[in-house]
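Report on one structure; see the data block that follows.
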Amino acid sequence: DTTLSGVIVGDTSLKICYSNREKSTYRISDSERQNQRQNSIIESERVFLTPTKEMNGYRYVDLGLSVMWAECNIGADRNIDYGNHYAWGETNTKNCYFVENSKTMDKYMHDISGSYENDVARQSLGSPWRIPTKKEIDELIEECTWTRGEIYGVYGYIVTGPNGNRIFLPNTGYYSYDELINSEGEIAAGYYWRSTPDVITGAYSFYTRVNYRREWIYDVTSTLRSDCYAVRRVCN
């Protein structure tokens with residue numbers, strides 16, 4: 001069954017701060033708010049980004065792409081929560097993250113999407129959940145509209161698919177050794193793993209951050225597998 005899910009905001013409004021293309025603020029109009037009330041979309045101060053469905057008890061959003069995108073990060077209860085952070089190819093969190101305790105560094109590995117051994121989404125949530133591939137992240141970036149936003153004090157990006165449905169990717173920060181950094185305020189950055197390896201020490205990820213010109217950007221990169229990022233899962 002289709003359920004409606006979203007984020008909690010005190011004044012039932014969604015604030016979009018700065019877009020790369022323009023500055024804009026989106027607030028739910030009185031007519032839209034009334035329409036949502038009539039359709040039972042707003043409940044207990046919840047504002048719903050888009051309708052969702054469930055797979056194995058976990059919500060996903062159809063953005064009109066080749067895969068369905070989870071509403072929340074792994075380990076998160078709401079789409080504004082950061083969730084857990086993992087080293088690439090590992091399925092458990094750790095007290096400290098560095099090169100020497102990485103389980104996948106210096107190993108020749110194939111794409112881990114769908115691997116019960118190395119894919120935290122597949123191991124913890126079961127099939128068909130998995131970490132998105134490089135190709136699927138590229139599709140999310142190239143086919144969707146990205147707008148920097150703030151929801152209930154959490155900064156991130158509203159990602160709108162070709163069909164108009166939306167997900168929110170919070171700026172999760174990342175762990176350096178045992179400290180979560182760059183995760184709060186307007187200059188917070190988001191870091192997410194992809195399943196695709198790069199050489200024997202690296203793997204692909206994508207990020208949202210402020211560049212040296214003080215511009216908000218989102219892009220893909222290769223980084224050390226020992227780095228500790230969030231995971232937004234997908235399913236077919």
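We name chains A, B, ... following the order of the structure tokens; residues begin at 1 in each chain, and ligands are numbered from 1 as shown.
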
Wanna dump the stretch 93-123 of chain A-stretch 64-81 of chain A contacts at 12 Å for me, each residue with its shortest atom pair and the distance in Å to one decimal, counting only C-alpha atoms, ordered by chain and number, as a Markdown table?
| residue | atom | partner | partner_atom | distance |
| --- | --- | --- | --- | --- |
| A:Thr93 | CA | A:Gly75 | CA | 10.3 |
| A:Asp119 | CA | A:Ile74 | CA | 11.5 |
| A:Val120 | CA | A:Ile74 | CA | 8.4 |
| A:Ala121 | CA | A:Ile74 | CA | 7.2 |
| A:Arg122 | CA | A:Ile74 | CA | 10.9 |
| A:Gln123 | CA | A:Ile74 | CA | 11.5 |

Point to revise | stretch 104-109 of chain A surroundings by only C-alpha atoms, 8 Å radius, close-in-sequence under 3 positions cut, as a PyMOL selection string | key: chain A and resi 88-90+99+112+197+199-202+224-226

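Those residues that approach A:Leu140 to within 9 Å, counting only C-alpha atoms, are Leu63, Leu65, Lys135, Glu136, Cys144, Thr145, Val159 and Gly161 of chain A; same-chain residues fewer than 4 positions away are not listed.
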
Point to revise | Expected answer as a PyMOL selection string: helix (DSSP H, G or I) residues in stretch 93-188 of chain A | key: chain A and resi 99-101+120-125+134-143

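For the residues A:Ala230, A:Ala203, A:Met55, A:Leu49, ranking by smallest atom-to-atom distance to A:Leu125 using only C-alpha atoms places A:Met55 first.
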
**Study point:** Those in stretch 119-226 of chain A with strand (DSSP E or B) from DSSP, as an MDAnalysis selection string
**Key:** chainID A and resid 130 145:151 154:160 166:170 173:177 179:181 190:198 202:210 216:224

Within 8 Å of stretch 171-180 of chain A: each stretch 57-164 of chain A residue with its shortest pair, only C-alpha atoms, as a Markdown table:
| residue | atom | partner | partner_atom | distance |
| --- | --- | --- | --- | --- |
| A:Tyr82 | CA | A:Thr172 | CA | 5.1 |
| A:His85 | CA | A:Tyr174 | CA | 7.2 |
| A:Asn95 | CA | A:Asp178 | CA | 6.1 |
| A:Cys96 | CA | A:Asp178 | CA | 4.5 |
| A:Tyr97 | CA | A:Tyr177 | CA | 4.5 |
| A:Phe98 | CA | A:Tyr177 | CA | 5.8 |
| A:Val154 | CA | A:Asn171 | CA | 7.6 |
| A:Tyr155 | CA | A:Asn171 | CA | 5.8 |
| A:Gly156 | CA | A:Asn171 | CA | 4.7 |
| A:Tyr157 | CA | A:Asn171 | CA | 7.8 |

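Distances here use only C-alpha atoms; by that measure, the residue among A:Asn236, A:Asn165, A:Thr223, A:Ser102 closest to A:Ile131 is A:Asn236.
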
Exercise for review: Find the spatial neighbours of A:Thr221, counting only C-alpha atoms, within a cut-off of 12 Å - ignore same-chain residues fewer than 5 positions away - and output them as an MDAnalysis selection string.
Suggested key: chainID A and resid 134 137:138 191:194 196:198 202:208

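Taking atom CA of A:Ser127 and atom CA of A:His110 as endpoints, the distance between them is 18.8 Å.
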
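As for atom CA of A:Thr133 and atom CA of A:Glu54, they are spaced 21.2 Å apart.
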
Point to revise | Gap from atom CA of A:Ile151 to atom CA of A:Gly83 - Å, one decimal | key: 15.9 Å

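Comparing A:Thr147, A:Ser124, A:Asn182, A:Ser113 by their smallest distance to A:Thr91, the closest is A:Ser124 (using only C-alpha atoms).
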